[in-house]
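A.B. asks: Input structure: my_file-v3.tsv, which contains TSV, C-alpha atoms.
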chain	number	residue	atom	x	y	z
A	116	MET	CA	83.55	86.29	87.58
A	117	GLU	CA	85.85	86.46	84.56
A	118	ASP	CA	88.83	84.14	84.99
A	119	LYS	CA	90.04	83.42	81.45
A	120	LYS	CA	93.45	85.01	82.01
A	121	SER	CA	93.90	83.25	85.35
A	122	ARG	CA	93.32	79.93	83.59
A	123	GLU	CA	95.80	80.86	80.87
A	124	LEU	CA	98.39	81.85	83.49
A	125	PHE	CA	97.84	78.59	85.33
A	126	GLU	CA	98.30	76.55	82.15
A	127	ARG	CA	101.45	78.50	81.26
A	128	LEU	CA	103.03	78.02	84.69
A	129	ALA	CA	102.05	74.35	84.83
A	130	LYS	CA	104.42	73.72	81.92
A	131	VAL	CA	107.45	74.76	83.97
A	132	MET	CA	106.29	74.47	87.61
A	133	PRO	CA	104.64	71.41	89.20
A	134	GLY	CA	100.96	72.25	89.52
A	135	ALA	CA	101.73	75.81	88.39
A	136	SER	CA	102.80	76.54	91.95
A	137	THR	CA	105.90	77.22	94.00
A	138	ARG	CA	103.94	77.13	97.27
A	139	THR	CA	101.47	74.33	97.89
A	140	VAL	CA	99.13	76.33	100.11
A	141	THR	CA	98.26	78.69	97.23
A	142	HIS	CA	96.61	75.97	95.14
A	143	TYR	CA	92.90	75.24	95.00
A	144	ASP	CA	90.75	73.57	92.36
A	145	PRO	CA	90.19	73.95	89.52
A	146	PHE	CA	92.94	76.59	89.48
A	147	PRO	CA	93.79	79.59	91.67
A	148	ILE	CA	93.21	83.11	90.41
A	149	GLY	CA	96.42	84.86	89.42
A	150	LEU	CA	97.12	88.17	91.09
A	151	GLU	CA	98.63	91.10	89.22
A	152	ARG	CA	98.97	93.94	91.73
A	153	GLY	CA	98.00	95.22	95.15
A	154	GLU	CA	97.45	98.61	96.74
A	155	GLY	CA	96.48	99.24	100.34
A	156	CYS	CA	93.89	96.66	101.36
A	157	ARG	CA	92.99	95.65	97.80
A	158	VAL	CA	94.36	93.32	95.15
A	159	TRP	CA	93.55	92.90	91.47
A	160	ASP	CA	93.80	89.67	89.50
A	161	VAL	CA	95.08	89.23	85.95
A	162	ASP	CA	91.51	89.47	84.63
A	163	GLY	CA	91.01	92.85	86.29
A	164	ASN	CA	88.75	91.68	89.13
A	165	GLU	CA	89.15	93.64	92.36
A	166	TYR	CA	89.16	92.13	95.85
A	167	ILE	CA	89.45	93.35	99.42
A	168	ASP	CA	92.47	91.45	100.70
A	169	LEU	CA	91.50	89.59	103.87
A	170	LEU	CA	94.43	87.18	103.58
A	171	ASN	CA	97.41	89.58	103.42
A	172	ASN	CA	99.74	86.74	102.48
A	173	TYR	CA	98.75	84.76	105.55
A	174	THR	CA	99.33	87.70	107.98
A	175	ALA	CA	102.66	88.92	106.52
A	176	LEU	CA	101.21	92.13	105.06
A	177	VAL	CA	99.99	93.70	108.26
A	178	HIS	CA	100.15	97.12	106.57
A	179	GLY	CA	98.59	95.97	103.32
A	180	HIS	CA	100.19	96.36	99.92
A	181	ASN	CA	102.69	99.01	98.82
A	182	HIS	CA	102.70	101.03	102.03
A	183	PRO	CA	104.59	104.23	101.10
A	184	ALA	CA	106.94	104.08	104.10
A	185	ILE	CA	107.95	100.48	103.40
A	186	VAL	CA	108.39	101.08	99.67
A	187	GLU	CA	110.43	104.21	100.38
A	188	ALA	CA	112.69	102.31	102.81
A	189	ILE	CA	113.37	99.61	100.21
A	190	VAL	CA	114.04	102.09	97.41
A	191	ARG	CA	116.25	104.26	99.61
A	192	THR	CA	118.32	101.26	100.65
A	193	ALA	CA	118.66	99.94	97.10
A	194	ASN	CA	119.65	103.34	95.76
A	195	GLY	CA	122.06	103.80	98.64
A	196	GLY	CA	124.30	100.99	97.44
A	197	PHE	CA	122.85	97.95	99.18
A	198	ALA	CA	120.52	96.26	96.71
A	199	ALA	CA	121.82	92.80	97.64
A	200	ALA	CA	123.04	90.90	100.68
A	201	VAL	CA	126.70	91.27	101.61
A	202	PRO	CA	129.00	88.98	103.66
A	203	ALA	CA	129.54	91.53	106.41
A	204	PRO	CA	127.69	93.19	109.29
A	205	ILE	CA	125.59	96.19	108.28
A	206	ALA	CA	123.92	98.84	110.39
A	207	LEU	CA	120.42	97.93	109.18
A	208	GLN	CA	120.73	94.50	110.78
A	209	GLY	CA	121.41	96.16	114.10
A	210	GLU	CA	118.54	98.60	113.63
A	211	LEU	CA	115.98	95.84	113.12
A	212	ALA	CA	117.50	93.71	115.89
A	213	GLU	CA	117.36	96.66	118.30
A	214	ARG	CA	113.69	97.19	117.47
A	215	ILE	CA	112.84	93.53	118.08
A	216	CYS	CA	114.75	93.41	121.38
A	217	ALA	CA	113.16	96.66	122.57
A	218	ARG	CA	109.67	95.34	121.83
A	219	THR	CA	110.06	91.86	123.35
A	220	PRO	CA	111.32	91.59	126.95
A	221	SER	CA	112.29	87.94	126.56
A	222	VAL	CA	114.57	88.65	123.59
A	223	ASP	CA	118.03	89.91	124.59
A	224	SER	CA	119.60	89.23	121.21
A	225	VAL	CA	118.48	87.98	117.83
A	226	ARG	CA	119.70	86.25	114.67
A	227	PHE	CA	118.08	86.62	111.24
A	228	THR	CA	117.06	83.94	108.75
A	229	ASN	CA	115.23	83.99	105.43
A	230	SER	CA	111.97	82.51	106.71
A	231	ALA	CA	110.16	81.53	109.87
A	232	THR	CA	110.73	77.89	108.90
A	233	GLU	CA	114.47	78.48	109.16
A	234	ALA	CA	113.97	80.40	112.40
A	235	VAL	CA	112.23	77.43	114.04
A	236	MET	CA	114.89	75.06	112.69
A	237	MET	CA	117.67	77.17	114.17
A	238	ALA	CA	115.88	77.73	117.49
A	239	VAL	CA	115.54	73.98	117.96
A	240	ARG	CA	119.19	73.53	117.01
A	241	VAL	CA	120.19	76.11	119.60
A	242	ALA	CA	118.08	74.35	122.23
A	243	ARG	CA	119.72	71.04	121.41
A	244	ALA	CA	123.20	72.50	121.59
A	245	TYR	CA	122.43	74.34	124.83
A	246	THR	CA	120.84	71.38	126.62
A	247	GLY	CA	122.82	68.55	125.05
A	248	LYS	CA	119.54	66.71	124.35
A	249	ASP	CA	117.87	65.74	121.08
A	250	ASP	CA	114.09	65.48	121.43
A	251	PHE	CA	111.44	68.15	121.28
A	252	ILE	CA	107.70	68.32	121.87
A	253	MET	CA	105.17	70.18	119.71
A	254	PRO	CA	101.37	70.22	119.42
A	255	ALA	CA	99.73	67.32	117.64
A	256	ASN	CA	97.97	69.80	115.36
A	257	GLY	CA	100.67	72.47	115.31
A	258	TYR	CA	102.29	74.13	112.33
A	259	HIS	CA	105.85	75.43	112.44
A	260	GLY	CA	106.82	75.61	108.78
A	261	SER	CA	108.17	73.07	106.31
A	262	TRP	CA	111.29	71.79	108.09
A	263	ASP	CA	111.47	67.98	108.09
A	264	GLN	CA	111.11	67.51	111.82
A	265	VAL	CA	108.09	69.77	112.32
A	266	VAL	CA	105.99	68.58	109.37
A	267	GLN	CA	105.55	65.18	111.02
A	268	ALA	CA	102.35	66.50	112.60
A	269	GLY	CA	100.85	66.23	109.12
A	270	THR	CA	99.12	69.58	109.49
A	271	ASP	CA	98.10	70.98	106.12
A	272	GLU	CA	95.08	72.31	104.22
A	273	GLU	CA	93.45	68.87	104.13
A	274	HIS	CA	94.36	67.97	107.72
A	275	PRO	CA	93.98	71.12	109.87
A	276	GLU	CA	93.86	68.97	113.00
A	277	GLY	CA	97.00	67.09	112.01
A	278	ALA	CA	97.51	63.54	110.74
A	279	GLN	CA	99.94	61.81	113.07
A	280	GLY	CA	100.85	58.29	112.15
A	281	VAL	CA	100.95	59.09	108.44
A	282	MET	CA	104.54	60.12	107.79
A	283	PRO	CA	104.64	62.76	105.02
A	284	ALA	CA	106.45	61.67	101.89
A	285	GLY	CA	110.14	62.45	101.87
A	286	ILE	CA	110.54	62.52	105.66
A	287	PRO	CA	112.92	59.91	107.15
A	288	ARG	CA	111.07	57.69	109.60
A	289	VAL	CA	113.98	57.84	112.01
A	290	LEU	CA	113.01	61.43	112.81
A	291	SER	CA	109.85	60.20	114.52
A	292	GLU	CA	112.05	59.05	117.37
A	293	VAL	CA	112.94	62.59	118.43
A	294	VAL	CA	109.59	64.39	118.04
A	295	HIS	CA	106.73	63.90	120.50
A	296	PHE	CA	103.23	65.32	120.12
A	297	VAL	CA	101.19	66.95	122.85
A	298	ARG	CA	97.47	67.62	122.74
A	299	PHE	CA	97.27	71.40	122.62
A	300	ASN	CA	96.04	73.05	125.83
A	301	GLU	CA	96.12	69.74	127.75
A	302	LEU	CA	98.66	70.39	130.48
A	303	GLY	CA	98.13	66.95	132.00
A	304	HIS	CA	99.18	65.32	128.75
A	305	LEU	CA	102.26	67.52	128.57
A	306	GLU	CA	103.15	66.53	132.12
A	307	GLN	CA	102.90	62.87	131.11
A	308	LEU	CA	105.12	63.41	128.07
A	309	MET	CA	107.75	65.26	130.07
A	310	ALA	CA	107.70	62.59	132.77
A	311	GLN	CA	108.39	60.04	130.05
A	312	HIS	CA	110.73	62.02	127.76
A	313	GLY	CA	111.97	64.95	129.86
A	314	GLY	CA	115.43	63.46	130.19
A	315	THR	CA	115.91	63.56	126.42
A	316	THR	CA	113.85	66.65	125.58
A	317	ALA	CA	115.67	69.81	124.55
A	318	ALA	CA	112.63	72.01	123.95
A	319	ILE	CA	108.88	72.40	124.00
A	320	VAL	CA	107.85	74.24	120.82
A	321	LEU	CA	104.47	76.00	120.85
A	322	GLU	CA	102.46	78.58	118.97
A	323	PRO	CA	100.56	80.77	121.44
A	324	ILE	CA	97.62	80.43	119.05
A	325	LEU	CA	97.34	77.66	116.49
A	326	GLY	CA	97.32	80.03	113.54
A	327	HIS	CA	95.94	77.72	110.85
A	328	ILE	CA	92.73	77.02	112.80
A	329	LEU	CA	92.84	79.99	115.19
A	330	GLU	CA	92.71	77.99	118.41
A	331	PRO	CA	93.97	80.17	121.27
A	332	GLY	CA	96.41	78.73	123.73
A	333	ASP	CA	95.41	78.78	127.38
A	334	PRO	CA	97.91	81.08	129.13
A	335	ASP	CA	98.06	78.60	131.99
A	336	PHE	CA	99.00	75.86	129.52
A	337	ILE	CA	101.85	77.99	128.16
A	338	ARG	CA	102.99	78.91	131.67
A	339	GLY	CA	102.84	75.26	132.60
A	340	ALA	CA	104.95	74.40	129.56
A	341	LEU	CA	107.59	76.91	130.67
A	342	ARG	CA	107.60	75.47	134.18
A	343	LEU	CA	107.88	71.89	132.91
A	344	ALA	CA	110.62	72.78	130.47
A	345	HIS	CA	112.76	74.31	133.21
A	346	LYS	CA	111.98	71.47	135.61
A	347	HIS	CA	113.50	69.06	133.09
A	348	ASP	CA	116.38	71.32	131.99
A	349	ALA	CA	114.75	72.06	128.64
A	350	LEU	CA	113.75	75.31	126.92
A	351	LEU	CA	110.41	76.78	125.88
A	352	ILE	CA	110.33	78.03	122.29
A	353	LEU	CA	107.35	80.23	121.39
A	354	ASP	CA	106.65	80.55	117.69
A	355	GLU	CA	105.24	84.08	117.39
A	356	THR	CA	105.41	84.20	113.59
A	357	ILE	CA	101.69	84.99	113.43
A	358	THR	CA	100.95	86.26	116.93
A	359	SER	CA	103.56	89.02	117.01
A	360	ARG	CA	100.94	91.25	115.36
A	361	LEU	CA	98.66	91.02	118.43
A	362	CYS	CA	100.77	93.12	120.79
A	363	VAL	CA	103.96	95.16	120.46
A	364	GLY	CA	105.92	92.39	122.17
A	365	GLY	CA	103.78	89.55	120.85
A	366	TRP	CA	101.30	87.36	122.67
A	367	GLN	CA	103.80	86.45	125.39
A	368	THR	CA	104.28	90.08	126.39
A	369	GLU	CA	100.53	90.58	126.58
A	370	GLN	CA	100.34	87.60	128.94
A	371	GLY	CA	103.44	88.42	130.99
A	372	ILE	CA	105.27	85.27	129.87
A	373	GLU	CA	108.93	85.17	128.85
A	374	ALA	CA	109.96	82.31	126.60
A	375	ASP	CA	113.56	81.11	126.48
A	376	LEU	CA	113.57	81.42	122.69
A	377	THR	CA	111.16	83.14	120.32
A	378	THR	CA	110.77	82.74	116.58
A	379	LEU	CA	109.46	85.50	114.33
A	380	GLY	CA	108.63	86.18	110.70
A	381	LYS	CA	105.97	87.77	108.50
A	382	THR	CA	105.31	91.18	110.12
A	383	ILE	CA	108.98	91.81	110.96
A	384	GLY	CA	109.83	91.89	107.24
A	385	GLY	CA	107.24	94.27	105.86
A	386	GLY	CA	106.28	91.70	103.24
A	387	THR	CA	109.82	90.62	102.37
A	388	PRO	CA	111.32	87.15	103.00
A	389	VAL	CA	112.67	87.23	106.53
A	390	GLY	CA	112.64	85.27	109.77
A	391	ALA	CA	114.33	85.68	113.12
A	392	PHE	CA	114.96	83.82	116.34
A	393	GLY	CA	116.08	85.32	119.61
A	394	GLY	CA	116.01	84.87	123.32
A	395	LYS	CA	117.76	85.04	126.62
A	396	GLU	CA	121.42	86.11	126.58
A	397	HIS	CA	122.64	82.99	128.37
A	398	VAL	CA	121.07	80.86	125.63
A	399	MET	CA	121.87	83.00	122.59
A	400	ARG	CA	125.54	83.39	123.54
A	401	ILE	CA	126.08	79.88	122.20
A	402	LEU	CA	126.00	81.49	118.73
A	403	ASP	CA	128.79	83.98	119.46
A	404	PRO	CA	131.56	83.13	116.95
A	405	ARG	CA	134.18	84.50	119.36
A	406	ALA	CA	133.72	81.40	121.52
A	407	ASP	CA	135.74	78.27	120.75
A	408	ASP	CA	132.67	76.04	120.87
A	409	ALA	CA	130.24	78.40	119.11
A	410	LEU	CA	127.27	76.98	117.24
A	411	ALA	CA	127.45	78.00	113.58
A	412	ALA	CA	124.45	79.59	111.86
A	413	HIS	CA	124.84	80.18	108.13
A	414	GLY	CA	122.77	81.71	105.34
A	415	THR	CA	123.96	83.66	102.30
A	416	MET	CA	120.94	85.96	102.36
A	417	ASN	CA	120.54	86.26	106.15
A	418	GLY	CA	120.02	89.89	107.12
A	419	SER	CA	119.54	91.07	103.54
A	420	PRO	CA	119.60	94.90	103.49
A	421	LEU	CA	116.28	95.31	101.66
A	422	CYS	CA	114.53	92.97	104.11
A	423	MET	CA	116.06	94.76	107.10
A	424	ALA	CA	114.99	98.16	105.78
A	425	ALA	CA	111.45	96.96	105.11
A	426	GLY	CA	111.31	95.34	108.54
A	427	CYS	CA	112.35	98.52	110.33
A	428	ALA	CA	109.67	100.49	108.51
A	429	SER	CA	107.05	97.83	109.23
A	430	LEU	CA	107.75	97.72	112.98
A	431	ASP	CA	107.86	101.52	113.21
A	432	LEU	CA	104.34	101.57	111.77
A	433	LEU	CA	103.14	98.74	114.02
A	434	SER	CA	102.74	100.72	117.22
A	435	GLN	CA	100.52	99.54	120.05
A	436	THR	CA	97.98	102.14	118.94
A	437	ALA	CA	97.92	100.66	115.43
A	438	ILE	CA	97.66	97.14	116.87
A	439	ASP	CA	94.80	98.11	119.17
A	440	ARG	CA	92.95	99.63	116.22
A	441	ILE	CA	93.09	96.52	114.01
A	442	ASN	CA	92.37	94.24	116.96
A	443	GLY	CA	89.29	96.33	117.70
A	444	MET	CA	88.26	96.17	114.06
A	445	GLY	CA	88.66	92.40	114.25
A	446	ASP	CA	86.29	92.19	117.21
A	447	PHE	CA	83.71	94.42	115.50
A	448	LEU	CA	83.90	92.69	112.11
A	449	THR	CA	83.66	89.23	113.67
A	450	SER	CA	80.44	90.11	115.48
A	451	GLU	CA	78.97	91.52	112.25
A	452	LEU	CA	79.95	88.62	110.01
A	453	ASP	CA	78.93	85.95	112.50
A	454	VAL	CA	75.42	87.37	112.73
A	455	ILE	CA	75.15	87.58	108.94
A	456	GLY	CA	76.07	83.95	108.36
A	457	ARG	CA	74.73	82.25	111.48
A	458	GLU	CA	71.53	80.80	109.98
A	459	ALA	CA	73.50	79.40	107.03
A	460	GLY	CA	76.03	77.79	109.35
A	461	VAL	CA	78.77	80.23	108.33
A	462	ARG	CA	80.35	81.12	111.65
A	463	VAL	CA	83.26	83.44	112.41
A	464	HIS	CA	85.51	83.69	115.45
A	465	ASN	CA	88.57	85.83	116.07
A	466	TYR	CA	91.50	86.68	118.25
A	467	GLY	CA	92.20	90.36	117.72
A	468	SER	CA	92.95	91.03	114.05
A	469	LEU	CA	93.01	87.29	113.24
A	470	LEU	CA	89.72	85.78	112.03
A	471	GLN	CA	88.56	82.30	111.05
A	472	VAL	CA	85.41	81.22	109.24
A	473	LYS	CA	83.82	77.80	109.62
A	474	ALA	CA	81.19	76.75	107.10
A	475	PRO	CA	79.43	73.53	106.04
A	476	ASP	CA	81.52	73.65	102.85
A	477	VAL	CA	84.39	76.06	103.42
A	478	LEU	CA	85.79	75.64	99.89
A	479	ALA	CA	82.42	76.54	98.38
A	480	PHE	CA	82.24	79.56	100.65
A	481	HIS	CA	85.78	80.52	99.65
A	482	ARG	CA	84.67	80.52	96.02
A	483	ALA	CA	81.59	82.57	96.89
A	484	CYS	CA	83.79	85.14	98.61
A	485	LEU	CA	85.98	85.44	95.52
A	486	GLU	CA	82.86	85.94	93.40
A	487	GLU	CA	81.86	88.79	95.72
A	488	GLY	CA	85.28	90.45	95.82
A	489	LEU	CA	86.67	89.10	99.10
A	490	TYR	CA	90.10	87.44	99.05
A	491	ILE	CA	90.33	84.89	101.88
A	492	ALA	CA	92.24	81.63	102.40
A	493	PRO	CA	90.66	78.45	101.01
A	494	ARG	CA	90.67	77.11	104.59
A	495	GLY	CA	88.79	80.20	105.82
A	496	SER	CA	91.63	82.07	107.49
A	497	MET	CA	91.49	85.87	107.45
A	498	ASN	CA	93.31	88.81	109.00
A	499	LEU	CA	93.08	92.58	108.93
A	500	SER	CA	95.63	95.18	107.91
A	501	THR	CA	96.28	98.74	109.05
A	502	ALA	CA	95.26	99.82	105.52
A	503	MET	CA	91.61	99.13	106.41
A	504	ASP	CA	89.11	101.53	107.92
A	505	ASP	CA	85.44	101.54	108.95
A	506	GLU	CA	84.27	102.12	105.39
A	507	VAL	CA	86.15	99.02	104.23
A	508	LEU	CA	84.61	97.00	107.06
A	509	GLY	CA	81.19	98.03	105.76
A	510	GLU	CA	82.14	96.84	102.27
A	511	ILE	CA	83.31	93.53	103.69
A	512	ALA	CA	80.04	93.00	105.59
A	513	ALA	CA	77.95	93.72	102.49
A	514	ALA	CA	80.02	91.37	100.31
A	515	TRP	CA	79.90	88.73	103.06
A	516	ALA	CA	76.11	88.83	103.06
A	517	ARG	CA	76.08	88.28	99.29
A	518	ALA	CA	78.53	85.37	99.61
A	519	VAL	CA	76.33	83.78	102.28
A	520	ASP	CA	73.33	84.16	99.97
A	521	ARG	CA	75.27	82.39	97.22
A	522	VAL	CA	76.04	79.29	99.28
A	523	SER	CA	72.56	79.30	100.80
A	524	ALA	CA	70.98	79.29	97.35
A	525	VAL	CA	73.08	76.30	96.29
A	526	SER	CA	72.37	74.27	99.43
In C-alpha cells, what does this structure look like?
C.D. replies:
Amino acid sequence: MEDKKSRELFERLAKVMPGASTRTVTHYDPFPIGLERGEGCRVWDVDGNEYIDLLNNYTALVHGHNHPAIVEAIVRTANGGFAAAVPAPIALQGELAERICARTPSVDSVRFTNSATEAVMMAVRVARAYTGKDDFIMPANGYHGSWDQVVQAGTDEEHPEGAQGVMPAGIPRVLSEVVHFVRFNELGHLEQLMAQHGGTTAAIVLEPILGHILEPGDPDFIRGALRLAHKHDALLILDETITSRLCVGGWQTEQGIEADLTTLGKTIGGGTPVGAFGGKEHVMRILDPRADDALAAHGTMNGSPLCMAAGCASLDLLSQTAIDRINGMGDFLTSELDVIGREAGVRVHNYGSLLQVKAPDVLAFHRACLEEGLYIAPRGSMNLSTAMDDEVLGEIAAAWARAVDRVSAVS
C-alpha cells in the first residue's frame, strides 16, 4: 500500500501539532494514514488508496459521507443567513429538540452542547444541582468522554478494560473522592456501592453498551440501577451517544426503560460537532433561566445553526426502517466474518450495526485490513452506515478473508 503522502502529511503536522494529532484516538504507529475525502461508505487517503469505511468516525456518520440531504441542509442554512452561531434562540434548535423529544419517551426537554463530553458533564452537573449531592458512580471500564471526572476510569486504547488506581496525568487527585466505580453488569456490586455511598451520590452514569469494547449491558442491571438510584434519591443518567443508532428512541426505548437524564451525540449531528442532554421535565426545569435559582449552562457555539440543520436531516433519515436494515446487515456480516476468521483466532461479535473484532494481534489485523481496503479502528471497533448495501457487504467479506490470510501468513 502506497503511503508516501501520508508520511509527508504526518511529518508536516508534527511540526505544529503534538504527534501530528488533535485527537489522541486517531494515532497509531508508525503513523496514521491521512484521509482526503469521503463519499457514501468509502473514503480515500492522500495517496489515493480507497477504503470501505467501517469506522464512520466512531459511529457519528451513520449515513456515511456527504449524504445529499445532510449536505443540502447545511448549504441551505448557510446560504439562508445563518452560517455561524448566534446569541439568540433560533427555530432550528427547536426543530432538532422536537425530533429528539418525539423519539425518546424519557426526554421531555433538551439542551444542546458541542460534544457528548460536554453533554455528560452538564448532565452530571444537573444531577448534582437537583439532588444536592456530589458523588456519582460509573462503570470501572466505562467511557464517557474526556471530562476530568470521567477519565479517572483510565479507559483508553491501551486499557480497554480500564486502569483504576493509575490517575491520568493532569487530573486532580481530589476528584477521586467523588467518583466510584462499579463492575459493569454486576448488580450486587452496585447495591454494595449504593449502600455505602448512596447518601452522597447524585447519579449513576451508564452506557447501555460499553461502546469501546462492545459489551452489552444486561437490561436487568440497568433497571436495577434505576431502582437503586431512586431508592437513594439519585438519578440514572444513560449515555446513549453510541447506542441511539440502535433504535429510534435509543437502547432504553427498545428495552422499555426511562432514564432520568440521557446524553446524546454523534448521530444527532449528521457528522457535525454536537451533543445534547435531556430528560424528565421535573429535572430539566432546573435549567430554566426564568427561575431565580436556575442552573446556568453556557456555550458560545451551543445550538449552532449548521449543526442543528445537519442533525434534523440525519434524524429524518434515521427511521426505524433504516435502523432495522443496518442492524440486520450487522447480524449478517458478523456471522460471515466470524466464520472467515475463526481458525485464525479473528473473531467478530456485534450488537445490531455495531461490530467488534478480537484477534491475537489486533493492531496487526488493523494494518492488514488497511492493506485490503477496509478502514476500521485500531482497537477493532466497526459500525455500519445506511450508505451500505448487500453488494458492499460482499466486498467487505472478500477483503476480510484476504486480511485474515495476511495475518495467518505472518503468524
A.B. asks: Tell me which of A:Ile319, A:Ala516, A:Val241, A:Ala255 sits closest to Ala409 in chain A, counting only C-alpha atoms.
C.D. replies: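 Distance minimum relative to Ala409 in chain A lands on A:Val241.
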A.B. asks: Please determine, counting only C-alpha atoms, which residue among A:Asn465, A:Thr219, A:Gln264, A:Gln435 has the shortest atom-to-atom distance to Glu233 in chain A.
C.D. replies: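 Looking at the shortest contact to Glu233 in chain A, the residue is A:Gln264.
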A.B. asks: One decimal, in Å: what's the spacing between CA of Gly394 in chain A and CA of Arg440 in chain A?
C.D. replies: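 Pair CA of Gly394 in chain A / CA of Arg440 in chain A returns 28.3 Å.
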A.B. asks: Distance cut-off 6 Å, centre (109.4, 78.0, 118.6) in file coordinates, counting all atoms listed in the file: which residues qualify? Return them as a ChimeraX atom specification.
C.D. replies: /A:235,320-321,352-354,377-378
A.B. asks: My list of candidates is A:Lys381, A:Trp515, A:Ile441, A:Ala244. Which is closest to Ala411 in chain A when distances are computed with all atoms listed in the file?
C.D. replies: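 The shortest atom-to-atom distance to Ala411 in chain A comes from A:Ala244.
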A.B. asks: For a test of reading the model, state the distance in Å between CA of Val519 in chain A and CA of Gly495 in chain A, rounded to one decimal.
C.D. replies: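 CA of Val519 in chain A sits 13.4 Å away from CA of Gly495 in chain A.
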A.B. asks: Skip Pro331 in chain A itself and residues of its chain fewer than 6 positions away, then list as a list in words all residues within 10 Å of it, counting all atoms listed in the file.
C.D. replies: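 Skipping anything fewer than 6 positions along the chain leaves Phe299, Asn300, Glu322, Pro323, Ile324, Leu325, Asn465 and Tyr466 of chain A.
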A.B. asks: Counting all atoms listed in the file, what is within 10 Å of Cys362 in chain A, bar same-chain residues fewer than 2 positions away, as a PyMOL selection string?
C.D. replies: chain A and resi 218-219+358-360+364-370+433-439+442+467
A.B. asks: Pick from A:Val363, A:Ile328, A:Val525, A:Leu489: nearest to Ala217 in chain A, with all atoms listed in the file counted?
C.D. replies: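 Selected residue with least distance to Ala217 in chain A: A:Val363.
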A.B. asks: Contacts of range 236-240 of chain A at 7 Å or less, counting all atoms listed in the file, minus same-chain residues fewer than 3 places along, as a short mmCIF file (atom, residue, chain, number, x, y, z; two decimals) with C-alpha atoms, keeping the file's coordinate frame?
C.D. replies:
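Listed below is the output, out.cif:
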data_model
loop_
_atom_site.label_atom_id
_atom_site.label_comp_id
_atom_site.auth_asym_id
_atom_site.auth_seq_id
_atom_site.Cartn_x
_atom_site.Cartn_y
_atom_site.Cartn_z
CA THR A 232 110.73 77.89 108.90
CA GLU A 233 114.47 78.48 109.16
CA ARG A 243 119.72 71.04 121.41
CA ALA A 244 123.20 72.50 121.59
CA TRP A 262 111.29 71.79 108.09
CA ALA A 318 112.63 72.01 123.95
CA LEU A 376 113.57 81.42 122.69
CA PHE A 392 114.96 83.82 116.34
#
A.B. asks: How far is it from CA of Leu341 in chain A to CA of Asp408 in chain A, in Å with one decimal?
C.D. replies: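 The value is 26.9 Å.
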A.B. asks: I'd like the neighbourhood of range 173-176 of chain A as a PyMOL selection string, where a residue qualifies if any of its atoms comes within 10 Å (using only C-alpha atoms), though same-chain residues fewer than 6 positions away should be ignored.
C.D. replies: chain A and resi 155-156+182+326-327+356-358+360+380-388+429+468-469+491-492+496-502
A.B. asks: Go ahead and write the residues just picked, C-alpha atoms, as a PDB file, keeping the file's coordinate frame.
C.D. replies:
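The result, stored in part-v2.pdb:
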ATOM      1  CA  GLY A 155      96.480  99.240 100.340  1.00  0.00           C
ATOM      2  CA  CYS A 156      93.890  96.660 101.360  1.00  0.00           C
ATOM      3  CA  HIS A 182     102.700 101.030 102.030  1.00  0.00           C
ATOM      4  CA  GLY A 326      97.320  80.030 113.540  1.00  0.00           C
ATOM      5  CA  HIS A 327      95.940  77.720 110.850  1.00  0.00           C
ATOM      6  CA  THR A 356     105.410  84.200 113.590  1.00  0.00           C
ATOM      7  CA  ILE A 357     101.690  84.990 113.430  1.00  0.00           C
ATOM      8  CA  THR A 358     100.950  86.260 116.930  1.00  0.00           C
ATOM      9  CA  ARG A 360     100.940  91.250 115.360  1.00  0.00           C
ATOM     10  CA  GLY A 380     108.630  86.180 110.700  1.00  0.00           C
ATOM     11  CA  LYS A 381     105.970  87.770 108.500  1.00  0.00           C
ATOM     12  CA  THR A 382     105.310  91.180 110.120  1.00  0.00           C
ATOM     13  CA  ILE A 383     108.980  91.810 110.960  1.00  0.00           C
ATOM     14  CA  GLY A 384     109.830  91.890 107.240  1.00  0.00           C
ATOM     15  CA  GLY A 385     107.240  94.270 105.860  1.00  0.00           C
ATOM     16  CA  GLY A 386     106.280  91.700 103.240  1.00  0.00           C
ATOM     17  CA  THR A 387     109.820  90.620 102.370  1.00  0.00           C
ATOM     18  CA  PRO A 388     111.320  87.150 103.000  1.00  0.00           C
ATOM     19  CA  SER A 429     107.050  97.830 109.230  1.00  0.00           C
ATOM     20  CA  SER A 468      92.950  91.030 114.050  1.00  0.00           C
ATOM     21  CA  LEU A 469      93.010  87.290 113.240  1.00  0.00           C
ATOM     22  CA  ILE A 491      90.330  84.890 101.880  1.00  0.00           C
ATOM     23  CA  ALA A 492      92.240  81.630 102.400  1.00  0.00           C
ATOM     24  CA  SER A 496      91.630  82.070 107.490  1.00  0.00           C
ATOM     25  CA  MET A 497      91.490  85.870 107.450  1.00  0.00           C
ATOM     26  CA  ASN A 498      93.310  88.810 109.000  1.00  0.00           C
ATOM     27  CA  LEU A 499      93.080  92.580 108.930  1.00  0.00           C
ATOM     28  CA  SER A 500      95.630  95.180 107.910  1.00  0.00           C
ATOM     29  CA  THR A 501      96.280  98.740 109.050  1.00  0.00           C
ATOM     30  CA  ALA A 502      95.260  99.820 105.520  1.00  0.00           C
TER      31      ALA A 502
END
A.B. asks: If you count only C-alpha atoms, which residues fall within 7 Å of His295 in chain A, apart from same-chain ones fewer than 4 positions away, as a PyMOL selection string?
C.D. replies: chain A and resi 251-253
A.B. asks: For the point (108.7, 64.4, 99.3) in file coordinates, what residues are within 12 Å, counting all atoms listed in the file? Give the answer as a VMD selection string?
C.D. replies: chain A and resid 261 to 263 266 282 to 287
